[in-house]
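Peer 1: Contents of query07.cif (mmCIF, C-alpha atoms) are below:
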```cif
data_entry
#
loop_
_atom_site.label_atom_id
_atom_site.label_comp_id
_atom_site.auth_asym_id
_atom_site.auth_seq_id
_atom_site.Cartn_x
_atom_site.Cartn_y
_atom_site.Cartn_z
CA GLY N 14 -55.03 82.20 -18.61
CA ASN N 15 -57.00 85.22 -19.72
CA SER N 16 -58.30 85.37 -23.28
CA VAL N 17 -60.60 87.34 -25.55
CA THR N 18 -62.60 85.90 -28.41
CA GLN N 19 -64.09 88.11 -31.12
CA MET N 20 -66.34 87.20 -33.99
CA GLU N 21 -64.48 86.50 -37.20
CA GLY N 22 -64.67 89.10 -39.88
CA PRO N 23 -64.82 90.75 -42.23
CA VAL N 24 -68.22 92.25 -41.55
CA THR N 25 -69.77 94.16 -44.44
CA LEU N 26 -72.78 96.39 -43.81
CA SER N 27 -74.72 98.99 -45.71
CA GLU N 28 -74.74 102.53 -44.40
CA GLU N 29 -77.30 103.08 -41.59
CA ALA N 30 -77.41 99.37 -40.74
CA PHE N 31 -77.23 98.11 -37.15
CA LEU N 32 -73.86 96.81 -36.01
CA THR N 33 -73.03 94.14 -33.48
CA ILE N 34 -69.53 92.77 -33.00
CA ASN N 35 -69.44 89.99 -30.45
CA CYS N 36 -66.74 89.73 -27.80
CA THR N 37 -66.48 87.18 -25.01
CA TYR N 38 -63.74 86.80 -22.49
CA THR N 39 -62.18 84.36 -20.07
CA ALA N 40 -60.61 85.74 -16.91
CA THR N 41 -59.98 84.55 -13.39
CA GLY N 42 -61.08 87.78 -11.73
CA TYR N 43 -63.11 90.83 -12.68
CA PRO N 44 -61.21 92.53 -15.46
CA SER N 45 -61.63 95.86 -17.16
CA LEU N 46 -62.88 95.62 -20.74
CA PHE N 47 -62.04 97.79 -23.72
CA TRP N 48 -62.89 98.35 -27.35
CA TYR N 49 -60.28 99.86 -29.62
CA VAL N 50 -60.62 101.01 -33.22
CA GLN N 51 -57.89 101.06 -35.86
CA TYR N 52 -58.41 103.07 -39.03
CA PRO N 53 -56.32 102.13 -42.09
CA GLY N 54 -52.65 102.95 -41.66
CA GLU N 55 -53.05 104.24 -38.11
CA GLY N 56 -52.46 103.11 -34.57
CA LEU N 57 -55.20 101.88 -32.26
CA GLN N 58 -57.48 104.37 -30.53
CA LEU N 59 -59.51 103.70 -27.44
CA LEU N 60 -63.17 103.68 -28.39
CA LEU N 61 -64.77 102.88 -25.04
CA LYS N 62 -64.22 100.94 -21.85
CA ALA N 63 -65.99 99.53 -18.81
CA THR N 64 -64.39 98.70 -15.50
CA LYS N 65 -67.04 96.72 -13.65
CA ALA N 66 -70.06 94.51 -14.23
CA ASP N 67 -73.15 96.19 -15.74
CA ASP N 68 -71.14 99.29 -16.70
CA LYS N 69 -71.93 100.63 -20.15
CA GLY N 70 -69.18 102.29 -22.15
CA SER N 71 -70.20 104.62 -24.95
CA ASN N 72 -68.55 106.90 -27.46
CA LYS N 73 -69.33 108.22 -30.97
CA GLY N 74 -72.62 106.31 -31.06
CA PHE N 75 -70.98 103.00 -30.10
CA GLU N 76 -71.99 101.19 -26.93
CA ALA N 77 -70.93 98.06 -25.06
CA THR N 78 -72.19 96.67 -21.74
CA TYR N 79 -70.05 94.62 -19.39
CA ARG N 80 -72.04 91.41 -18.80
CA LYS N 81 -70.44 89.28 -16.09
CA GLU N 82 -73.07 86.56 -16.28
CA THR N 83 -72.34 85.91 -19.96
CA THR N 84 -68.69 87.09 -19.84
CA SER N 85 -69.39 89.34 -22.81
CA PHE N 86 -68.75 92.88 -23.99
CA HIS N 87 -70.48 93.14 -27.36
CA LEU N 88 -70.01 96.31 -29.39
CA GLU N 89 -73.13 97.89 -30.92
CA LYS N 90 -74.03 100.89 -33.01
CA GLY N 91 -77.49 101.73 -34.20
CA SER N 92 -76.60 103.27 -37.56
CA VAL N 93 -73.16 102.82 -39.07
CA GLN N 94 -71.50 105.23 -41.46
CA VAL N 95 -68.90 104.71 -44.16
CA SER N 96 -66.43 106.46 -41.86
CA ASP N 97 -66.83 103.63 -39.32
CA SER N 98 -64.97 101.27 -41.65
CA ALA N 99 -62.03 100.07 -39.57
CA VAL N 100 -60.73 97.15 -37.54
CA TYR N 101 -62.20 96.80 -34.08
CA PHE N 102 -60.34 95.11 -31.21
CA CYS N 103 -61.81 93.91 -27.94
CA ALA N 104 -59.36 93.80 -25.02
CA LEU N 105 -59.20 92.78 -21.37
CA GLY N 106 -57.16 94.29 -18.57
CA ASP N 107 -56.45 92.26 -15.48
CA SER N 108 -54.53 92.88 -12.28
CA GLY N 109 -50.79 92.73 -11.91
CA ASN N 110 -49.75 95.62 -14.12
CA THR N 111 -49.60 93.33 -17.16
CA PRO N 112 -50.36 94.14 -20.81
CA LEU N 113 -53.91 94.15 -22.08
CA VAL N 114 -55.04 90.94 -23.72
CA PHE N 115 -56.41 91.66 -27.21
CA GLY N 116 -58.76 89.75 -29.44
CA LYS N 117 -57.76 89.12 -33.04
CA GLY N 118 -59.74 92.05 -34.38
CA THR N 119 -62.83 92.32 -36.57
CA ARG N 120 -62.68 94.20 -39.85
CA LEU N 121 -65.79 96.25 -40.60
CA SER N 122 -66.54 97.59 -44.05
CA VAL N 123 -69.49 99.93 -44.49
CA ILE N 124 -70.67 100.56 -48.03
CA ALA N 125 -72.75 103.52 -49.19
CA SER M 23 -51.67 116.08 -21.97
CA GLN M 24 -49.72 113.01 -22.94
CA THR M 25 -48.43 112.28 -26.41
CA ILE M 26 -46.59 109.35 -27.92
CA HIS M 27 -44.23 109.59 -30.86
CA GLN M 28 -42.80 106.93 -33.11
CA TRP M 29 -40.22 107.22 -35.84
CA PRO M 30 -39.61 106.68 -38.54
CA ALA M 31 -43.13 106.47 -39.95
CA THR M 32 -42.03 104.18 -42.79
CA LEU M 33 -38.87 102.22 -43.41
CA VAL M 34 -37.63 99.98 -46.21
CA GLN M 35 -34.65 97.84 -45.28
CA PRO M 36 -32.74 95.00 -46.98
CA VAL M 37 -32.61 91.55 -45.43
CA GLY M 38 -29.70 91.27 -43.03
CA SER M 39 -29.52 94.97 -42.21
CA PRO M 40 -29.90 96.33 -38.66
CA LEU M 41 -33.00 98.01 -37.29
CA SER M 42 -33.70 100.69 -34.73
CA LEU M 43 -37.21 101.99 -34.08
CA GLU M 44 -37.76 104.64 -31.46
CA CYS M 45 -40.73 105.51 -29.30
CA THR M 46 -41.00 108.38 -26.85
CA VAL M 47 -43.78 109.47 -24.53
CA GLU M 48 -44.34 113.00 -23.26
CA GLY M 49 -46.40 114.32 -20.40
CA THR M 50 -46.20 111.39 -17.99
CA SER M 51 -43.70 109.68 -15.72
CA ASN M 52 -42.92 106.02 -15.10
CA PRO M 53 -45.20 104.72 -17.85
CA ASN M 54 -45.47 101.10 -18.83
CA LEU M 55 -44.26 100.78 -22.43
CA TYR M 56 -45.10 98.18 -25.06
CA TRP M 57 -44.02 97.09 -28.54
CA TYR M 58 -46.48 95.29 -30.81
CA ARG M 59 -46.29 94.02 -34.36
CA GLN M 60 -49.06 93.56 -36.90
CA ALA M 61 -48.39 91.43 -39.94
CA ALA M 62 -50.48 92.37 -42.96
CA GLY M 63 -54.15 91.68 -42.28
CA ARG M 64 -53.39 90.09 -38.91
CA GLY M 65 -53.99 90.92 -35.28
CA LEU M 66 -51.65 92.37 -32.67
CA GLN M 67 -48.62 90.44 -31.49
CA LEU M 68 -47.10 91.68 -28.24
CA LEU M 69 -43.31 91.68 -28.59
CA PHE M 70 -41.96 93.39 -25.46
CA TYR M 71 -43.16 95.38 -22.50
CA SER M 72 -41.41 97.36 -19.80
CA VAL M 73 -42.54 98.55 -16.39
CA GLY M 74 -39.39 100.58 -15.71
CA ILE M 75 -35.95 101.61 -16.93
CA GLY M 76 -33.89 98.56 -17.78
CA GLN M 77 -36.82 96.19 -17.15
CA ILE M 78 -37.84 94.40 -20.33
CA SER M 79 -40.15 91.42 -20.65
CA SER M 80 -39.96 89.48 -23.90
CA GLU M 81 -43.12 87.77 -25.08
CA VAL M 82 -41.92 86.14 -28.27
CA PRO M 83 -38.37 84.78 -28.80
CA GLN M 84 -37.04 86.08 -32.10
CA ASN M 85 -34.28 88.19 -33.58
CA LEU M 86 -35.65 91.41 -32.10
CA SER M 87 -34.64 93.10 -28.86
CA ALA M 88 -35.88 96.07 -26.89
CA SER M 89 -34.24 98.58 -24.58
CA ARG M 90 -35.44 101.35 -22.33
CA PRO M 91 -32.52 103.69 -21.79
CA GLN M 92 -34.67 106.48 -20.32
CA ASP M 93 -37.96 106.59 -18.47
CA ARG M 94 -40.01 107.61 -21.49
CA GLN M 95 -37.99 106.11 -24.31
CA PHE M 96 -38.42 102.62 -25.73
CA ILE M 97 -36.29 101.28 -28.57
CA LEU M 98 -36.85 98.22 -30.74
CA SER M 99 -33.76 96.80 -32.42
CA SER M 100 -32.49 94.01 -34.58
CA LYS M 101 -28.97 93.12 -35.66
CA LYS M 102 -30.08 91.35 -38.84
CA LEU M 103 -33.55 91.74 -40.31
CA LEU M 104 -35.47 88.83 -41.79
CA LEU M 105 -38.18 88.98 -44.46
CA SER M 106 -40.64 87.87 -41.78
CA ASP M 107 -39.91 91.03 -39.76
CA SER M 108 -41.95 93.08 -42.22
CA GLY M 109 -45.04 94.57 -40.63
CA PHE M 110 -46.58 97.47 -38.80
CA TYR M 111 -44.87 98.18 -35.48
CA LEU M 112 -46.84 99.88 -32.77
CA CYS M 113 -45.60 101.38 -29.53
CA ALA M 114 -47.99 101.95 -26.65
CA TRP M 115 -47.93 103.28 -23.10
CA SER M 116 -50.11 102.98 -20.03
CA VAL M 117 -50.04 104.39 -16.53
CA GLY M 118 -47.76 102.28 -14.35
CA ARG M 119 -50.00 100.86 -11.68
CA LEU M 120 -48.44 98.50 -9.18
CA GLY M 121 -51.02 96.18 -7.68
CA GLY M 122 -53.88 97.61 -9.66
CA PHE M 123 -55.65 96.71 -12.84
CA THR M 124 -53.94 97.31 -16.15
CA ASP M 125 -55.21 100.64 -17.38
CA THR M 126 -55.89 101.94 -20.86
CA GLN M 127 -53.05 101.54 -23.33
CA TYR M 128 -52.45 104.47 -25.65
CA PHE M 129 -50.93 103.73 -29.02
CA GLY M 130 -48.55 105.63 -31.24
CA PRO M 131 -49.05 106.16 -34.98
CA GLY M 132 -46.91 103.15 -35.91
CA THR M 133 -43.95 102.41 -38.16
CA ARG M 134 -44.46 100.53 -41.41
CA LEU M 135 -41.41 98.30 -41.96
CA THR M 136 -40.79 96.56 -45.26
CA VAL M 137 -37.89 94.13 -45.47
CA LEU M 138 -36.82 93.30 -49.02
#
```
Take the structure in the file and write it out as structure tokens.

Peer 2:
Amino acid sequence: GNSVTQMEGPVTLSEEAFLTINCTYTATGYPSLFWYVQYPGEGLQLLLKATKADDKGSNKGFEATYRKETTSFHLEKGSVQVSDSAVYFCALGDSGNTPLVFGKGTRLSVIA
Amino acid sequence: SQTIHQWPATLVQPVGSPLSLECTVEGTSNPNLYWYRQAAGRGLQLLFYSVGIGQISSEVPQNLSASRPQDRQFILSSKKLLLSDSGFYLCAWSVGRLGGFTDTQYFGPGTRLTVL
């Protein structure tokens, strides 16, 4: 079946550091891929998405490129801020009107 | 625009008491609806999803149940709460899309449930 694997956290970075959170997936077809962010005590918010190979999703300085050849959708940001501290979830959407498949989440802490 | 509401925001209940959490969506029709749970410091656990009124798929057998009495209303219930039911409960919706790819899921603000 479909699955998403994210790097284990927590990830702790200093402000202005470069961020990469790895995400790889297993799917039978060509899924849509998503990154969600969850700030403390809140629900998940869509951060960015990509619907086909080589698409790049971007939002708020975050980027991720849909790589079919490596089945990956790594999240990157060039310079993180304290306000980026949150849990980040990678997710996959397949056909059949079924729920998204989520990774386990990666907690990011950015210190000043 | 679409909005999703959940209530209550927080709830403290004794073990063995009943539970009813409500989720409503505005600004769309025939949405897919979902209930998730997050235990403290853990990932998302899909509990139930629904693609239409009266259609409920259960992902995890447990003492919880879900109902969809109206198109944009999704209710999570329990007859007798367990300590292990404590957690953060999230409702979500997505555009119902027969035959297509699952679209973006939009999440509500969540309900923090503490069972004592």

Peer 1: Once the PyMOL selection byres ((chain N) within 12 of (chain M)) has been applied to the shown file, what residues remain in the selection, as a ChimeraX atom specification?

Peer 2: /N:19,21-23,42-65,99-120

Peer 1: So, with all atoms listed in the file as the atoms that count, which of M:Leu41, M:Ile97, M:Ala62, M:Leu105 lies closest to Gly76 of chain M?

Peer 2: M:Ile97

Peer 1: To one decimal in Å, tell me the separation between atom CA of Ser100 of chain M and atom CA of Gln77 of chain M.

Peer 2: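 Atom CA of Ser100 of chain M sits 18.1 Å away from atom CA of Gln77 of chain M.
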
Peer 1: Between atom CA of Val34 of chain M and atom CA of Trp57 of chain M, what distance in Å does the model show, to one decimal?

Peer 2: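 Pair atom CA of Val34 of chain M / atom CA of Trp57 of chain M returns 19.0 Å.
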
Peer 1: Using all atoms listed in the file, pick whichever of N:Ser27, N:Asn35, N:Ser122, N:Ser96 has the shortest atom-to-atom distance to Thr84 of chain N.

Peer 2: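 Among the listed residues, the smallest separation from Thr84 of chain N belongs to N:Asn35.
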